[in-house]
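Colleague: Take a look at entry_18.json, JSON, C-alpha atoms:
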```
[["chain", "number", "residue", "atom", "x", "y", "z"],
["Q", 1, "MET", "CA", 276.30, 155.11, 148.12],
["Q", 2, "GLU", "CA", 277.63, 151.94, 149.68],
["Q", 3, "ARG", "CA", 276.08, 151.15, 153.05],
["Q", 4, "ARG", "CA", 278.35, 150.17, 155.88],
["Q", 5, "ILE", "CA", 278.41, 149.83, 159.65],
["Q", 6, "LEU", "CA", 279.03, 153.13, 161.40],
["Q", 7, "TRP", "CA", 281.42, 152.20, 164.17],
["Q", 8, "GLU", "CA", 281.93, 154.11, 167.35],
["Q", 9, "LYS", "CA", 285.58, 154.54, 168.26],
["Q", 10, "ASP", "CA", 285.31, 155.39, 171.93],
["Q", 11, "MET", "CA", 284.03, 153.07, 174.66],
["Q", 12, "GLU", "CA", 282.50, 155.83, 176.74],
["Q", 13, "LYS", "CA", 280.52, 157.13, 173.77],
["Q", 14, "ALA", "CA", 279.41, 153.59, 172.91],
["Q", 15, "ARG", "CA", 278.31, 152.92, 176.50],
["Q", 16, "GLU", "CA", 276.42, 156.18, 176.61],
["Q", 17, "ARG", "CA", 274.60, 155.31, 173.39],
["Q", 18, "ALA", "CA", 273.94, 151.77, 174.63],
["Q", 19, "GLY", "CA", 272.30, 153.15, 177.76],
["Q", 20, "THR", "CA", 270.20, 155.65, 175.84],
["Q", 21, "GLU", "CA", 269.16, 153.23, 173.10],
["Q", 22, "GLY", "CA", 268.74, 150.19, 175.35],
["Q", 23, "LYS", "CA", 271.15, 148.07, 173.31],
["Q", 24, "PRO", "CA", 274.26, 146.03, 174.11],
["Q", 25, "VAL", "CA", 277.69, 147.10, 172.83],
["Q", 26, "LEU", "CA", 279.40, 145.02, 170.17],
["Q", 27, "LEU", "CA", 283.11, 145.49, 170.80],
["Q", 28, "PHE", "CA", 285.27, 144.50, 167.83],
["Q", 29, "PHE", "CA", 289.02, 144.19, 168.33],
["Q", 30, "HIS", "CA", 290.74, 144.09, 164.97],
["Q", 31, "ASN", "CA", 294.29, 144.00, 163.68],
["Q", 32, "PRO", "CA", 294.72, 146.87, 161.25],
["Q", 33, "ALA", "CA", 298.10, 145.53, 160.05],
["C", 1, "MET", "CA", 285.55, 140.13, 158.65],
["C", 2, "ASP", "CA", 285.91, 143.38, 156.70],
["C", 3, "ALA", "CA", 286.03, 141.55, 153.36],
["C", 4, "VAL", "CA", 283.21, 139.05, 153.84],
["C", 5, "THR", "CA", 281.01, 139.53, 156.88],
["C", 6, "TYR", "CA", 280.76, 143.22, 157.67],
["C", 7, "PRO", "CA", 279.79, 144.32, 154.14],
["C", 8, "GLU", "CA", 276.88, 141.86, 154.08],
["C", 9, "LYS", "CA", 273.50, 143.62, 154.06],
["C", 10, "GLY", "CA", 271.89, 141.37, 156.66],
["C", 11, "VAL", "CA", 274.79, 141.86, 159.04],
["C", 12, "ILE", "CA", 274.74, 145.66, 158.62],
["C", 13, "GLU", "CA", 271.00, 145.79, 159.27],
["C", 14, "PHE", "CA", 271.18, 143.48, 162.27],
["C", 15, "VAL", "CA", 274.04, 145.36, 163.91],
["C", 16, "GLU", "CA", 272.42, 148.75, 163.30],
["C", 17, "LYS", "CA", 269.10, 147.61, 164.73],
["C", 18, "HIS", "CA", 270.22, 145.65, 167.78],
["C", 19, "LEU", "CA", 273.67, 146.83, 168.90],
["C", 20, "VAL", "CA", 275.98, 149.78, 169.33],
["C", 21, "PRO", "CA", 279.10, 148.82, 167.35],
["C", 22, "LEU", "CA", 282.50, 149.85, 168.66],
["C", 23, "ARG", "CA", 285.69, 149.14, 166.71],
["C", 24, "VAL", "CA", 289.15, 149.40, 168.24],
["C", 25, "SER", "CA", 292.63, 148.16, 167.44],
["C", 26, "HIS", "CA", 293.81, 144.94, 169.11],
["C", 27, "ASP", "CA", 296.45, 146.92, 171.00],
["C", 28, "SER", "CA", 294.20, 149.78, 172.04],
["C", 29, "LYS", "CA", 294.85, 150.68, 175.66],
["C", 30, "PRO", "CA", 293.28, 150.19, 178.11],
["C", 31, "LEU", "CA", 290.52, 148.19, 176.38],
["C", 32, "ALA", "CA", 292.69, 145.42, 174.93],
["C", 33, "THR", "CA", 294.25, 144.87, 178.34],
["C", 34, "ASP", "CA", 290.96, 145.14, 180.22],
["C", 35, "PHE", "CA", 289.38, 142.55, 177.91],
["C", 36, "ASN", "CA", 292.51, 140.37, 177.79],
["C", 37, "VAL", "CA", 292.64, 140.32, 174.00],
["C", 38, "LYS", "CA", 295.24, 137.89, 172.67],
["C", 39, "TRP", "CA", 293.95, 137.15, 169.19],
["C", 40, "THR", "CA", 291.99, 138.84, 166.44],
["C", 41, "PRO", "CA", 289.37, 139.21, 165.21],
["C", 42, "ASN", "CA", 287.90, 139.27, 168.69],
["C", 43, "HIS", "CA", 284.26, 140.17, 169.34],
["C", 44, "VAL", "CA", 282.81, 140.91, 172.76],
["C", 45, "VAL", "CA", 279.17, 141.62, 173.56],
["C", 46, "CYS", "CA", 278.92, 143.94, 176.56],
["C", 47, "ASP", "CA", 276.14, 145.65, 178.45],
["C", 48, "SER", "CA", 275.89, 149.43, 178.68],
["C", 49, "GLY", "CA", 278.07, 149.28, 181.80],
["C", 50, "GLY", "CA", 280.89, 147.77, 179.75],
["C", 51, "LYS", "CA", 280.61, 144.32, 181.35],
["C", 52, "GLU", "CA", 281.36, 141.34, 179.12],
["C", 53, "HIS", "CA", 278.64, 138.71, 178.54],
["C", 54, "HIS", "CA", 279.66, 136.86, 175.38],
["C", 55, "ARG", "CA", 282.82, 136.52, 173.31],
["C", 56, "ALA", "CA", 284.29, 134.83, 170.26],
["C", 57, "ALA", "CA", 287.72, 134.92, 168.66],
["C", 58, "GLY", "CA", 288.29, 134.13, 164.98],
["C", 59, "PHE", "CA", 286.55, 134.72, 161.69],
["C", 60, "MET", "CA", 282.79, 134.17, 161.40],
["C", 61, "GLU", "CA", 280.73, 134.04, 158.22],
["C", 62, "PRO", "CA", 277.61, 136.26, 158.13],
["C", 63, "GLU", "CA", 275.09, 133.67, 159.35],
["C", 64, "GLU", "CA", 277.37, 132.42, 162.11],
["C", 65, "PHE", "CA", 278.07, 135.99, 163.12],
["C", 66, "ILE", "CA", 274.38, 136.86, 163.44],
["C", 67, "LEU", "CA", 273.89, 133.70, 165.52],
["C", 68, "PHE", "CA", 276.75, 134.80, 167.76],
["C", 69, "LEU", "CA", 275.15, 138.21, 168.16],
["C", 70, "LEU", "CA", 271.69, 136.82, 168.91],
["C", 71, "LEU", "CA", 273.12, 134.55, 171.57],
["C", 72, "GLY", "CA", 275.17, 137.43, 172.95],
["C", 73, "ILE", "CA", 272.14, 139.70, 173.21],
["C", 74, "ALA", "CA", 270.21, 136.92, 174.91],
["C", 75, "ARG", "CA", 273.06, 136.44, 177.38],
["C", 76, "VAL", "CA", 273.14, 140.14, 178.22],
["C", 77, "HIS", "CA", 269.41, 140.02, 178.99],
["C", 78, "PHE", "CA", 269.69, 136.73, 180.88],
["C", 79, "ASP", "CA", 272.59, 137.89, 183.04],
["C", 80, "GLN", "CA", 270.69, 141.08, 183.86],
["C", 81, "GLU", "CA", 267.64, 138.97, 184.82],
["C", 82, "TYR", "CA", 265.56, 140.29, 181.93],
["C", 83, "TYR", "CA", 264.28, 136.81, 181.26],
["C", 84, "GLN", "CA", 261.43, 137.72, 178.94],
["C", 85, "GLU", "CA", 263.79, 139.66, 176.68],
["C", 86, "ALA", "CA", 266.28, 136.80, 176.80],
["C", 87, "THR", "CA", 263.54, 134.36, 175.82],
["C", 88, "THR", "CA", 262.51, 136.59, 172.91],
["C", 89, "SER", "CA", 266.08, 136.71, 171.54],
["C", 90, "LEU", "CA", 266.44, 132.95, 171.90],
["C", 91, "GLU", "CA", 263.09, 132.28, 170.23],
["C", 92, "LYS", "CA", 264.23, 134.45, 167.33],
["C", 93, "LEU", "CA", 267.45, 132.46, 167.05],
["C", 94, "LEU", "CA", 265.67, 129.11, 167.19],
["C", 95, "ALA", "CA", 263.01, 130.18, 164.70],
["C", 96, "GLY", "CA", 265.49, 131.60, 162.21],
["C", 97, "PHE", "CA", 268.25, 129.03, 162.61],
["C", 98, "PRO", "CA", 266.64, 125.89, 164.04],
["C", 99, "ARG", "CA", 269.46, 123.49, 163.09],
["C", 100, "SER", "CA", 272.38, 125.75, 163.85],
["C", 101, "GLU", "CA", 275.29, 124.95, 166.14],
["C", 102, "ALA", "CA", 273.92, 127.55, 168.56],
["C", 103, "ALA", "CA", 270.54, 125.84, 168.81],
["C", 104, "PRO", "CA", 271.29, 123.37, 171.66],
["C", 105, "GLU", "CA", 272.73, 126.09, 173.89],
["C", 106, "SER", "CA", 269.77, 128.33, 172.99],
["C", 107, "ILE", "CA", 267.28, 125.60, 173.91],
["C", 108, "TYR", "CA", 269.03, 125.19, 177.24],
["C", 109, "LEU", "CA", 269.20, 128.90, 177.99],
["C", 110, "ARG", "CA", 265.59, 129.47, 176.91],
["C", 111, "GLY", "CA", 264.37, 126.77, 179.26],
["C", 112, "VAL", "CA", 266.30, 128.21, 182.17],
["C", 113, "ALA", "CA", 265.05, 131.73, 181.38],
["C", 114, "LEU", "CA", 261.47, 130.44, 181.33],
["C", 115, "TYR", "CA", 262.00, 128.67, 184.64],
["C", 116, "LYS", "CA", 263.57, 131.76, 186.20],
["C", 117, "SER", "CA", 260.73, 133.98, 185.03],
["C", 118, "THR", "CA", 257.89, 131.69, 186.12],
["C", 119, "GLY", "CA", 259.24, 129.38, 188.84],
["C", 120, "ASP", "CA", 257.65, 126.52, 186.92],
["C", 121, "PRO", "CA", 260.13, 123.62, 186.51],
["C", 122, "LYS", "CA", 258.40, 122.19, 183.43],
["C", 123, "PRO", "CA", 260.61, 124.18, 181.00],
["C", 124, "LEU", "CA", 263.68, 122.56, 182.60],
["C", 125, "LYS", "CA", 262.38, 119.07, 181.85],
["C", 126, "LYS", "CA", 261.45, 120.22, 178.37],
["C", 127, "ILE", "CA", 265.09, 121.24, 177.82],
["C", 128, "TYR", "CA", 266.16, 117.66, 178.43],
["C", 129, "GLU", "CA", 263.38, 116.17, 176.31],
["C", 130, "GLN", "CA", 263.99, 118.45, 173.34],
["C", 131, "LEU", "CA", 267.76, 118.04, 173.41],
["C", 132, "GLN", "CA", 267.46, 114.27, 173.77],
["C", 133, "SER", "CA", 265.15, 114.21, 170.77],
["C", 134, "ASP", "CA", 266.90, 116.70, 168.48],
["C", 135, "TYR", "CA", 270.52, 116.94, 169.68],
["C", 136, "PRO", "CA", 271.43, 113.68, 171.42],
["C", 137, "ALA", "CA", 275.17, 114.25, 170.89],
["C", 138, "SER", "CA", 275.18, 117.76, 172.30],
["C", 139, "VAL", "CA", 277.10, 118.64, 175.44],
["C", 140, "TRP", "CA", 274.04, 120.68, 176.41],
["C", 141, "LEU", "CA", 272.06, 117.46, 176.77],
["C", 142, "LYS", "CA", 274.60, 116.30, 179.35],
["C", 143, "ARG", "CA", 274.20, 119.56, 181.21],
["C", 144, "ALA", "CA", 270.43, 119.08, 181.24],
["C", 145, "TYR", "CA", 270.71, 115.49, 182.43],
["C", 146, "PRO", "CA", 269.44, 116.14, 186.01],
["C", 147, "TYR", "CA", 266.28, 117.75, 184.64],
["C", 148, "ARG", "CA", 265.02, 114.41, 183.30],
["C", 149, "LEU", "CA", 264.00, 113.59, 186.86],
["C", 150, "LEU", "CA", 261.71, 116.58, 187.28]]
```
Could you write out this structure as structure tokens?
Modeller:
Amino acid sequence: MERRILWEKDMEKARERAGTEGKPVLLFFHNPA
Amino acid sequence: MDAVTYPEKGVIEFVEKHLVPLRVSHDSKPLATDFNVKWTPNHVVCDSGGKEHHRAAGFMEPEEFILFLLLGIARVHFDQEYYQEATTSLEKLLAGFPRSEAAPESIYLRGVALYKSTGDPKPLKKIYEQLQSDYPASVWLKRAYPYRLL
């Protein structure tokens, strides 16, 4: 199975994880068009 | 980014190990407005409070992207006054990518972090000496210019 980055989609969830895991958030703004 | 950089094994492993990745559309409200996003791809490294510490717009190849992330992580630590952690991230960057475009800024930031954590001004002078020796054309040498007098 192909490995890929598992992205969060919600800032609050990402911040919560960042606090728990002691990591920064990488916020990626993309253009889906 | 999706075609070249994000599928790369080293990038996947680095992001999984060191960051919480969050992906949103460029017009996602309120984030795109809050972060003043005008161009994509746009990457922002934030702390767990959502505060921005490092940013880049435009495509980055895998190695450049990992450099961006290492510097971003170091900046998060530095801005939060976790100077030892900042130094560790910068040492990793300088050891793994000693001739990269991010190296001069990393040398500068590492020296300041060492000074802030110890109060010893010698690392500031060392910034100037190392940049003068290895990166004489760098803007970071100009920024370190006063430290030559220490």
Colleague: Tell me which of C:Lys17, C:Arg143, C:Arg99, C:Lys126 sits closest to chain Q, counting all atoms listed in the file.
Modeller: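 Checking each of C:Lys17, C:Arg143, C:Arg99, C:Lys126 against chain Q, counting all atoms listed in the file, the winner is C:Lys17.
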Colleague: Measure the distance from atom CA of C:Leu22 to atom CA of C:Pro41 in Å and round it to one decimal.
Modeller: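 Here the two named atoms are 13.1 Å from each other.
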Colleague: For the contact check between chain C and chain Q, emit one row per residue of chain C within 7 Å, containing the shortest atom pair and the distance in Å rounded to one decimal, counting all atoms listed in the file, chain then rising number order, as JSON lines.
Modeller:
```
{"residue": "C:Pro7", "atom": "CA", "partner": "Q:Arg4", "partner_atom": "CA", "distance": 6.3}
{"residue": "C:Ile12", "atom": "CA", "partner": "Q:Ile5", "partner_atom": "CA", "distance": 5.6}
{"residue": "C:His18", "atom": "CA", "partner": "Q:Lys23", "partner_atom": "CA", "distance": 6.1}
{"residue": "C:Leu19", "atom": "CA", "partner": "Q:Lys23", "partner_atom": "CA", "distance": 5.2}
{"residue": "C:Val20", "atom": "CA", "partner": "Q:Val25", "partner_atom": "CA", "distance": 4.7}
{"residue": "C:Pro21", "atom": "CA", "partner": "Q:Leu26", "partner_atom": "CA", "distance": 4.7}
{"residue": "C:Leu22", "atom": "CA", "partner": "Q:Glu8", "partner_atom": "CA", "distance": 4.5}
{"residue": "C:Arg23", "atom": "CA", "partner": "Q:Phe28", "partner_atom": "CA", "distance": 4.8}
{"residue": "C:Val24", "atom": "CA", "partner": "Q:Phe29", "partner_atom": "CA", "distance": 5.2}
{"residue": "C:Ser25", "atom": "CA", "partner": "Q:His30", "partner_atom": "CA", "distance": 5.1}
{"residue": "C:His26", "atom": "CA", "partner": "Q:Phe29", "partner_atom": "CA", "distance": 4.9}
{"residue": "C:Thr40", "atom": "CA", "partner": "Q:His30", "partner_atom": "CA", "distance": 5.6}
{"residue": "C:Pro41", "atom": "CA", "partner": "Q:His30", "partner_atom": "CA", "distance": 5.1}
{"residue": "C:Asn42", "atom": "CA", "partner": "Q:Phe29", "partner_atom": "CA", "distance": 5.1}
{"residue": "C:His43", "atom": "CA", "partner": "Q:Phe28", "partner_atom": "CA", "distance": 4.7}
{"residue": "C:Val44", "atom": "CA", "partner": "Q:Leu27", "partner_atom": "CA", "distance": 5.0}
{"residue": "C:Val45", "atom": "CA", "partner": "Q:Leu26", "partner_atom": "CA", "distance": 4.8}
{"residue": "C:Cys46", "atom": "CA", "partner": "Q:Val25", "partner_atom": "CA", "distance": 5.0}
{"residue": "C:Asp47", "atom": "CA", "partner": "Q:Pro24", "partner_atom": "CA", "distance": 4.7}
{"residue": "C:Ser48", "atom": "CA", "partner": "Q:Arg15", "partner_atom": "CA", "distance": 4.8}
{"residue": "C:Gly49", "atom": "CA", "partner": "Q:Arg15", "partner_atom": "CA", "distance": 6.4}
{"residue": "C:Gly50", "atom": "CA", "partner": "Q:Arg15", "partner_atom": "CA", "distance": 6.6}
{"residue": "C:Ile73", "atom": "CA", "partner": "Q:Pro24", "partner_atom": "CA", "distance": 6.7}
```
Colleague: With C-alpha atoms retained, could you export that selection as a PDB file, keeping the file's coordinate frame?
Modeller:
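The result, stored in part02.pdb:
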```
ATOM      1  CA  PRO C   7     279.790 144.320 154.140  1.00  0.00           C
ATOM      2  CA  ILE C  12     274.740 145.660 158.620  1.00  0.00           C
ATOM      3  CA  HIS C  18     270.220 145.650 167.780  1.00  0.00           C
ATOM      4  CA  LEU C  19     273.670 146.830 168.900  1.00  0.00           C
ATOM      5  CA  VAL C  20     275.980 149.780 169.330  1.00  0.00           C
ATOM      6  CA  PRO C  21     279.100 148.820 167.350  1.00  0.00           C
ATOM      7  CA  LEU C  22     282.500 149.850 168.660  1.00  0.00           C
ATOM      8  CA  ARG C  23     285.690 149.140 166.710  1.00  0.00           C
ATOM      9  CA  VAL C  24     289.150 149.400 168.240  1.00  0.00           C
ATOM     10  CA  SER C  25     292.630 148.160 167.440  1.00  0.00           C
ATOM     11  CA  HIS C  26     293.810 144.940 169.110  1.00  0.00           C
ATOM     12  CA  THR C  40     291.990 138.840 166.440  1.00  0.00           C
ATOM     13  CA  PRO C  41     289.370 139.210 165.210  1.00  0.00           C
ATOM     14  CA  ASN C  42     287.900 139.270 168.690  1.00  0.00           C
ATOM     15  CA  HIS C  43     284.260 140.170 169.340  1.00  0.00           C
ATOM     16  CA  VAL C  44     282.810 140.910 172.760  1.00  0.00           C
ATOM     17  CA  VAL C  45     279.170 141.620 173.560  1.00  0.00           C
ATOM     18  CA  CYS C  46     278.920 143.940 176.560  1.00  0.00           C
ATOM     19  CA  ASP C  47     276.140 145.650 178.450  1.00  0.00           C
ATOM     20  CA  SER C  48     275.890 149.430 178.680  1.00  0.00           C
ATOM     21  CA  GLY C  49     278.070 149.280 181.800  1.00  0.00           C
ATOM     22  CA  GLY C  50     280.890 147.770 179.750  1.00  0.00           C
ATOM     23  CA  ILE C  73     272.140 139.700 173.210  1.00  0.00           C
TER      24      ILE C  73
END
```
Colleague: Which of these residues is nearest to C:Ala102, using all atoms listed in the file: C:Asp34, C:Asp27, C:Glu52, C:Glu63?
Modeller: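 Answer, going by the shortest atom-to-atom distance: C:Glu63.
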Colleague: Please write as a list in words the list of polymer residues whose atoms come within 10 Å of (277.5, 141.4, 155.3), counting only C-alpha atoms and keeping to the coordinates of the file.
Modeller: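 Neighbouring residues, ordered by chain and number, come to Arg4 and Ile5 of chain Q; Met1, Asp2, Ala3, Val4, Thr5, Tyr6, Pro7, Glu8, Lys9, Gly10, Val11, Ile12, Glu13, Phe14, Glu61, Pro62, Glu63, Phe65 and Ile66 of chain C.
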Colleague: Could you jot down the atom CA of C:Tyr82 to atom CA of C:Leu67 separation for me, Å, one decimal place?
Modeller: 19.5 Å
Colleague: Hey, can you check how far atom CA of C:Phe97 sits from atom CA of C:Asp134?
Modeller: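 Spanning atom CA of C:Phe97 to atom CA of C:Asp134 is a straight-line distance of 13.7 Å.
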Colleague: With only C-alpha atoms counted, which protein, DNA or RNA residues have an atom no more than 8 Å from (264.1, 118.8, 182.8) in the file frame? Please answer as a short mmCIF file (atom, residue, chain, number, x, y, z; two decimals) with C-alpha atoms, in the frame of the given file.
Modeller:
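Output file out_38.cif is given in full below:
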```
data_model
loop_
_atom_site.label_atom_id
_atom_site.label_comp_id
_atom_site.auth_asym_id
_atom_site.auth_seq_id
_atom_site.Cartn_x
_atom_site.Cartn_y
_atom_site.Cartn_z
CA PRO C 121 260.13 123.62 186.51
CA LYS C 122 258.40 122.19 183.43
CA PRO C 123 260.61 124.18 181.00
CA LEU C 124 263.68 122.56 182.60
CA LYS C 125 262.38 119.07 181.85
CA LYS C 126 261.45 120.22 178.37
CA ILE C 127 265.09 121.24 177.82
CA TYR C 128 266.16 117.66 178.43
CA GLU C 129 263.38 116.17 176.31
CA ALA C 144 270.43 119.08 181.24
CA TYR C 145 270.71 115.49 182.43
CA PRO C 146 269.44 116.14 186.01
CA TYR C 147 266.28 117.75 184.64
CA ARG C 148 265.02 114.41 183.30
CA LEU C 149 264.00 113.59 186.86
CA LEU C 150 261.71 116.58 187.28
#
```
Colleague: Please provide as number ranges by chain all residues within 12 Å of C:Tyr135, with the sequence filter that same-chain residues fewer than 3 positions apart are discarded (counting all atoms listed in the file).
Modeller: C: 98-108, 127-132, 138-142, 144
